[in-house]
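Below is the file final-v2.txt, which contains compact mmCIF, C-alpha atoms and all ligand atoms.
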```txt
# COMPACT_ATOMS: atom_id res chain seq x y z
CA MET A 1 -205.73 3.35 5.15
CA ILE A 2 -203.92 4.85 8.08
CA VAL A 3 -200.20 4.25 8.21
CA LYS A 4 -197.41 5.06 10.62
CA ASP A 5 -195.70 7.89 8.83
CA TYR A 6 -194.84 9.71 5.63
CA THR A 7 -192.39 7.03 4.48
CA GLU A 8 -194.96 4.30 4.77
CA MET A 9 -197.59 6.45 3.04
CA SER A 10 -195.20 7.02 0.13
CA LYS A 11 -194.30 3.33 -0.14
CA LEU A 12 -197.93 2.24 -0.18
CA ALA A 13 -198.73 4.77 -2.88
CA ALA A 14 -195.76 3.49 -4.91
CA ASP A 15 -197.09 -0.07 -4.45
CA ALA A 16 -200.36 1.04 -6.04
CA VAL A 17 -198.51 2.43 -9.07
CA VAL A 18 -196.31 -0.66 -9.36
CA GLY A 19 -199.34 -2.97 -9.13
CA LEU A 20 -201.01 -1.06 -11.94
CA LEU A 21 -197.93 -1.10 -14.18
CA GLU A 22 -197.46 -4.83 -13.64
CA SER A 23 -200.95 -5.52 -14.93
CA LYS A 24 -200.96 -2.70 -17.50
CA PRO A 25 -197.52 -1.49 -18.67
CA ALA A 26 -199.13 1.14 -20.91
CA ALA A 27 -201.13 2.66 -18.04
CA VAL A 28 -202.22 6.28 -17.87
CA LEU A 29 -201.16 7.94 -14.62
CA GLY A 30 -202.60 11.13 -13.19
CA LEU A 31 -200.00 12.97 -11.12
CA ALA A 32 -200.03 15.67 -8.49
CA THR A 33 -197.53 18.25 -7.21
CA GLY A 34 -196.91 19.89 -3.83
CA SER A 35 -194.95 18.54 -0.86
CA THR A 36 -197.07 15.44 -0.32
CA PRO A 37 -196.12 13.27 -3.34
CA ILE A 38 -192.37 13.93 -3.21
CA GLY A 39 -191.77 10.74 -1.19
CA LEU A 40 -193.87 8.75 -3.65
CA TYR A 41 -191.78 10.07 -6.53
CA GLU A 42 -188.53 9.20 -4.73
CA GLU A 43 -189.91 5.70 -4.21
CA LEU A 44 -190.86 5.38 -7.89
CA VAL A 45 -187.35 6.43 -8.92
CA GLN A 46 -185.93 3.69 -6.65
CA ARG A 47 -188.24 1.14 -8.19
CA TYR A 48 -187.28 2.27 -11.69
CA HIS A 49 -183.65 1.60 -10.75
CA HIS A 50 -184.77 -1.86 -9.69
CA GLY A 51 -186.31 -2.59 -13.07
CA LEU A 52 -189.77 -0.99 -13.18
CA ASP A 53 -190.38 0.13 -16.75
CA PHE A 54 -192.16 3.40 -17.55
CA SER A 55 -191.51 3.41 -21.30
CA GLN A 56 -195.15 2.81 -22.23
CA VAL A 57 -196.66 5.03 -19.55
CA THR A 58 -198.60 8.21 -20.30
CA THR A 59 -198.99 10.89 -17.62
CA PHE A 60 -201.34 13.79 -17.02
CA ASN A 61 -200.72 16.32 -14.28
CA LEU A 62 -203.60 17.82 -12.40
CA ASP A 63 -202.72 21.46 -12.77
CA GLU A 64 -200.30 24.26 -13.56
CA TYR A 65 -200.07 27.89 -12.49
CA TYR A 66 -201.47 30.26 -15.10
CA GLY A 67 -198.92 32.75 -16.37
CA LEU A 68 -195.78 30.77 -15.53
CA ALA A 69 -193.55 29.48 -18.32
CA SER A 70 -192.65 25.79 -18.15
CA ASP A 71 -189.02 26.55 -17.26
CA HIS A 72 -189.98 28.81 -14.35
CA PRO A 73 -188.56 27.24 -11.17
CA THR A 74 -191.89 27.36 -9.35
CA SER A 75 -193.91 25.98 -12.27
CA TYR A 76 -195.25 22.48 -11.97
CA HIS A 77 -193.51 21.56 -15.23
CA TYR A 78 -190.24 22.32 -13.47
CA TYR A 79 -191.29 20.50 -10.29
CA MET A 80 -192.15 17.34 -12.22
CA GLN A 81 -188.82 17.38 -14.07
CA GLN A 82 -186.93 17.91 -10.82
CA HIS A 83 -188.73 15.31 -8.75
CA LEU A 84 -189.61 12.63 -11.26
CA PHE A 85 -189.37 12.89 -15.00
CA GLN A 86 -185.63 13.51 -15.29
CA TYR A 87 -185.02 10.12 -13.66
CA LEU A 88 -187.53 7.91 -15.53
CA ASN A 89 -187.84 6.58 -19.07
CA ILE A 90 -191.24 8.12 -19.86
CA PRO A 91 -191.06 9.51 -23.42
CA ALA A 92 -191.37 13.32 -23.38
CA THR A 93 -194.26 13.03 -25.83
CA SER A 94 -196.21 10.93 -23.31
CA ILE A 95 -196.00 13.58 -20.57
CA ASN A 96 -198.91 16.02 -20.34
CA ILE A 97 -199.14 19.08 -18.10
CA PRO A 98 -201.45 22.03 -18.81
CA ASN A 99 -199.55 24.84 -20.53
CA GLY A 100 -199.70 27.72 -18.06
CA ALA A 101 -198.12 30.08 -20.58
CA THR A 102 -200.87 29.70 -23.16
CA PRO A 103 -202.51 32.88 -24.49
CA GLU A 104 -205.66 30.75 -25.06
CA PRO A 105 -206.58 29.14 -21.74
CA ALA A 106 -210.04 27.99 -22.83
CA GLY A 107 -208.59 26.21 -25.87
CA GLU A 108 -205.80 24.72 -23.79
CA CYS A 109 -208.34 23.31 -21.30
CA ARG A 110 -210.48 21.84 -24.07
CA SER A 111 -207.48 20.24 -25.74
CA TYR A 112 -206.28 18.84 -22.38
CA GLU A 113 -209.61 17.09 -21.85
CA ALA A 114 -209.51 15.82 -25.44
CA LYS A 115 -206.03 14.36 -24.88
CA ILE A 116 -207.21 12.52 -21.76
CA ALA A 117 -210.19 11.14 -23.68
CA LYS A 118 -208.00 10.13 -26.64
CA VAL A 119 -205.85 7.81 -24.52
CA GLY A 120 -208.95 6.24 -22.97
CA GLY A 121 -208.98 8.08 -19.63
CA ILE A 122 -206.77 7.99 -16.55
CA ASP A 123 -206.23 4.63 -14.84
CA LEU A 124 -204.86 5.90 -11.53
CA GLN A 125 -204.96 9.48 -10.28
CA VAL A 126 -202.75 10.55 -7.38
CA LEU A 127 -204.20 13.40 -5.34
CA GLY A 128 -203.10 15.59 -2.46
CA ILE A 129 -205.56 17.74 -0.53
CA GLY A 130 -205.46 21.41 0.45
CA THR A 131 -206.06 22.53 4.02
CA ASN A 132 -209.33 23.97 2.64
CA GLY A 133 -210.29 20.62 1.09
CA HIS A 134 -209.33 21.47 -2.48
CA ILE A 135 -208.28 18.75 -4.92
CA GLY A 136 -206.23 19.85 -7.89
CA PHE A 137 -206.79 23.59 -7.78
CA ASN A 138 -210.55 23.12 -7.41
CA GLU A 139 -211.23 25.46 -4.54
CA PRO A 140 -214.31 25.44 -2.27
CA GLY A 141 -217.40 26.36 -4.29
CA THR A 142 -216.19 24.80 -7.55
CA PRO A 143 -219.12 23.04 -9.27
CA PHE A 144 -218.70 19.26 -9.23
CA GLY A 145 -219.51 19.20 -12.95
CA ASN A 146 -216.46 21.22 -14.00
CA THR A 147 -213.86 19.83 -16.38
CA THR A 148 -210.37 21.34 -16.96
CA SER A 149 -210.67 25.11 -16.47
CA LEU A 150 -208.89 28.35 -15.71
CA VAL A 151 -209.53 28.79 -11.98
CA ASN A 152 -208.88 31.39 -9.29
CA LEU A 153 -206.79 30.32 -6.31
CA ALA A 154 -208.32 30.75 -2.85
CA PRO A 155 -206.49 33.06 -0.39
CA ALA A 156 -205.72 29.97 1.77
CA THR A 157 -204.00 28.30 -1.19
CA ILE A 158 -202.01 31.42 -2.07
CA GLU A 159 -200.93 31.59 1.56
CA ALA A 160 -200.03 27.87 1.74
CA ASN A 161 -198.11 27.91 -1.55
CA SER A 162 -196.24 31.13 -0.82
CA ARG A 163 -193.61 28.96 0.88
CA PHE A 164 -192.38 27.98 -2.58
CA PHE A 165 -192.04 31.59 -3.77
CA GLU A 166 -189.70 34.38 -2.73
CA ARG A 167 -192.59 36.71 -1.92
CA ARG A 168 -196.31 36.14 -1.37
CA GLU A 169 -197.03 38.62 -4.20
CA ASP A 170 -195.21 36.28 -6.58
CA VAL A 171 -197.73 33.45 -6.18
CA PRO A 172 -199.92 33.33 -9.32
CA ARG A 173 -203.58 34.06 -8.64
CA GLN A 174 -204.88 31.65 -11.25
CA ALA A 175 -204.20 28.15 -12.52
CA LEU A 176 -205.30 25.69 -15.16
CA SER A 177 -206.73 22.71 -13.33
CA MET A 178 -208.40 19.47 -14.19
CA GLY A 179 -211.96 19.77 -12.88
CA ILE A 180 -213.82 17.73 -10.31
CA ARG A 181 -215.53 15.84 -13.10
CA SER A 182 -212.19 15.13 -14.79
CA ILE A 183 -210.95 13.71 -11.48
CA MET A 184 -214.10 11.68 -10.82
CA ASN A 185 -213.77 10.13 -14.30
CA CYS A 186 -210.44 8.52 -13.34
CA ARG A 187 -210.81 4.79 -12.86
CA ARG A 188 -208.95 4.70 -9.55
CA ILE A 189 -207.95 7.47 -7.14
CA VAL A 190 -205.32 7.44 -4.40
CA LEU A 191 -205.38 10.50 -2.15
CA LEU A 192 -202.34 11.09 0.05
CA ALA A 193 -202.25 13.28 3.14
CA ASN A 194 -199.78 13.65 5.95
CA GLY A 195 -199.44 16.05 8.83
CA GLU A 196 -201.75 17.58 11.36
CA ASN A 197 -202.57 20.58 9.19
CA LYS A 198 -204.59 18.26 6.91
CA ALA A 199 -206.57 16.61 9.73
CA ASN A 200 -209.64 18.88 9.52
CA ALA A 201 -209.85 18.68 5.72
CA ILE A 202 -209.51 14.89 5.85
CA ALA A 203 -212.22 14.48 8.50
CA ALA A 204 -214.58 16.73 6.52
CA ALA A 205 -213.79 14.95 3.24
CA VAL A 206 -214.31 11.45 4.63
CA GLU A 207 -217.04 11.93 7.22
CA GLY A 208 -218.69 15.26 6.42
CA PRO A 209 -221.54 16.00 4.05
CA ILE A 210 -220.84 15.79 0.32
CA SER A 211 -220.73 19.43 -0.62
CA GLU A 212 -219.11 21.77 -3.15
CA THR A 213 -217.90 23.79 -0.17
CA LEU A 214 -215.46 20.93 0.57
CA PRO A 215 -214.36 19.70 -2.87
CA ALA A 216 -212.67 16.48 -1.65
CA SER A 217 -215.99 15.30 -0.15
CA VAL A 218 -217.06 14.39 -3.69
CA LEU A 219 -214.66 11.45 -3.47
CA GLN A 220 -217.18 9.69 -1.22
CA LEU A 221 -219.08 9.10 -4.47
CA HIS A 222 -216.12 7.54 -6.32
CA PRO A 223 -216.30 3.75 -6.70
CA ASP A 224 -212.55 3.13 -6.26
CA CYS A 225 -210.90 5.78 -4.12
CA THR A 226 -208.35 5.07 -1.37
CA PHE A 227 -207.09 7.60 1.15
CA ILE A 228 -203.59 6.85 2.46
CA LEU A 229 -203.05 8.91 5.60
CA ASP A 230 -200.41 9.20 8.24
CA GLN A 231 -201.51 9.20 11.89
CA ALA A 232 -201.49 12.98 12.15
CA ALA A 233 -203.68 13.56 9.08
CA ALA A 234 -206.10 10.87 10.31
CA LYS A 235 -206.35 12.12 13.86
CA ASN A 236 -209.76 13.82 13.57
CA LEU A 237 -211.52 10.85 11.98
CA THR A 238 -214.09 9.40 14.32
CA HIS A 239 -214.28 6.03 12.59
CA SER A 240 -210.67 5.17 11.81
CA ARG A 241 -210.43 2.39 9.29
CA GLY A 242 -206.98 0.79 9.70
P1 LIG A 301 -199.16 19.95 -0.38
O1 LIG A 301 -200.37 20.48 -1.27
O2 LIG A 301 -198.90 18.55 -0.86
O3 LIG A 301 -198.02 20.86 -0.69
O4 LIG A 301 -199.61 19.99 1.04
C1 LIG A 301 -201.49 19.67 -1.46
C2 LIG A 301 -202.56 20.45 -2.19
O5 LIG A 301 -202.63 21.69 -2.03
O6 LIG A 301 -203.35 19.83 -2.90
```
Turn this file's structure into structure tokens for me.
Ligand code: PGA
Amino acid sequence: MIVKDYTEMSKLAADAVVGLLESKPAAVLGLATGSTPIGLYEELVQRYHHGLDFSQVTTFNLDEYYGLASDHPTSYHYYMQQHLFQYLNIPATSINIPNGATPEPAGECRSYEAKIAKVGGIDLQVLGIGTNGHIGFNEPGTPFGNTTSLVNLAPATIEANSRFFERREDVPRQALSMGIRSIMNCRRIVLLANGENKANAIAAAVEGPISETLPASVLQLHPDCTFILDQAAAKNLTHSRG
């Protein structure tokens, strides 16, 4: 879907979450970080104030920087508290984010997958997209069969994310990320993208060949995946679908 602007993109994404929670109050949500979903989270907070109940919801975040403690201001634990969790009534025990401070990353990844399986899988996964086509921190070249893993960040991602850090050298070089297979196992996917800098990645993901060199292209194979794009992010699509 192509919408007018960031506000409309965020509202439509919130509508998808609300629709799910109305039919399934104990839904399992997959959440993303970065600049893109901030408007969605603001919208969800508004809707919570208007009566939407999150008390039975379980959440799983896509990824976390490896080597950052959860209270580090650039960790995704911190981001999620700041932008969403502090405002909602999701029980702390129902919130799951990979532990980037673990001394045992392989065990942490295995247990993360086991937790997702234990609650019956993710009903709705929110995704952003990197300028290089990554989803989660699955960079170009990541095998489609991967589950949650310790991954290396691509130089383009380190560059893009350096805006959140004081110095480029401070950006962690690794992360724990749900894999492409973990993402493809989600029952429904909503990918959000706004801004011209995403236009090439979006065109390649939607209209290009399905290839591990452009991780988001795998979504062409998902049975229930919606892209919500602003005009700028959609501008390189040749077959715009309103
Ligand atoms: P952004 O990041 O929302 O900050 O653009 C998206 C991503 O890298 O997946």
Practice task
Using only C-alpha atoms, find the one residue out of A:Glu104, A:Glu22, A:Asp123, A:Asp170 that sits nearest to Gly51 in chain A.
Solution key: A:Glu22
Problem - At most 8 Å from ligand LIG 301 (chain A) (only C-alpha atoms and all ligand atoms): residue list as a ChimeraX atom specification - result: /A:32-37,127-131,134-137,157,160-161,193,198
Contact residues around range 107-115 of chain A with all atoms listed in the file at 7 Å, ignoring same-chain residues under 6 positions, as a compact mmCIF listing (two decimals) with C-alpha atoms, in the frame of the given file:
```txt
# COMPACT_ATOMS: atom_id res chain seq x y z
CA PRO A 98 -201.45 22.03 -18.81
CA THR A 148 -210.37 21.34 -16.96
CA SER A 149 -210.67 25.11 -16.47
```
Handout entry: Selection near Phe60 in chain A, 8 Å with only C-alpha atoms, sequence-local residues under 4 positions removed, as an MDAnalysis selection string
Key = chainID A and resid 28:31 95:97 116 122
Practice task
Choose the residue, out of A:Leu12, A:Val151, A:Met80, A:Leu62, that has the smallest atom-to-atom separation from Ile38 in chain A; count all atoms listed in the file.
Solution key: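 Of all the options, A:Met80 lies closest to Ile38 in chain A.
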Problem - Test item: residues at most 7 Å from Met9 in chain A, all atoms listed in the file, excluding those fewer than 4 positions along its chain, as a list in words - result: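 Counting only the stated atoms, we get Val3, Asp5, Ala13, Ile228, Leu229 and Asp230 of chain A.
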Problem - Using all atoms listed in the file: which of A:Ala204, A:Ile210, A:Val17, A:Ala216 has the shortest distance to Lys235 in chain A - result: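 Of A:Ala204, A:Ile210, A:Val17, A:Ala216, the one nearest Lys235 in chain A is A:Ala204, counting all atoms listed in the file.
Compared by their closest atoms to Thr102 in chain A, and using only C-alpha atoms, the residues A:Leu150, A:Ile90, A:Met178, A:Leu192 rank with A:Leu150 nearest.
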Practice task
To one decimal in Å, tell me the separation between CA of Cys186 in chain A and CA of Leu44 in chain A.
Solution key: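 Separation between CA of Cys186 in chain A and CA of Leu44 in chain A: 20.6 Å.
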Exercise for the section: For each of A:Leu52, A:Leu68, A:Leu84, A:Met1, take the minimum atom-to-atom distance to Pro103 in chain A, counting only C-alpha atoms, then give the residue where this is smallest. Expected result: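 Of all the options, A:Leu68 lies closest to Pro103 in chain A.
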Completion exercise
Nearest to Pro172 in chain A, restricted to all atoms listed in the file and choosing among A:Gln231, A:Ser75, A:Gln220, A:Ser70, comes out as A:Ser75
Practice task
Can you work out the spacing between CA of Val18 in chain A and CA of Gln46 in chain A in Å, to one decimal?
Solution key: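 About the pair CA of Val18 in chain A and CA of Gln46 in chain A: they are 11.6 Å apart.
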Exercise for the section: Measure the distance from CA of Ile189 in chain A to CA of Leu124 in chain A in Å and round it to one decimal. Expected result: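 Spanning CA of Ile189 in chain A to CA of Leu124 in chain A is a straight-line distance of 5.6 Å.
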Exercise for the section: Pick out the residues sitting within 12 Å of Arg168 in chain A, and hand them over as a VMD selection string; count only C-alpha atoms, and ignore anything fewer than 3 positions along from it in its own chain. Expected result: chain A and resid 155 to 165 171 to 173
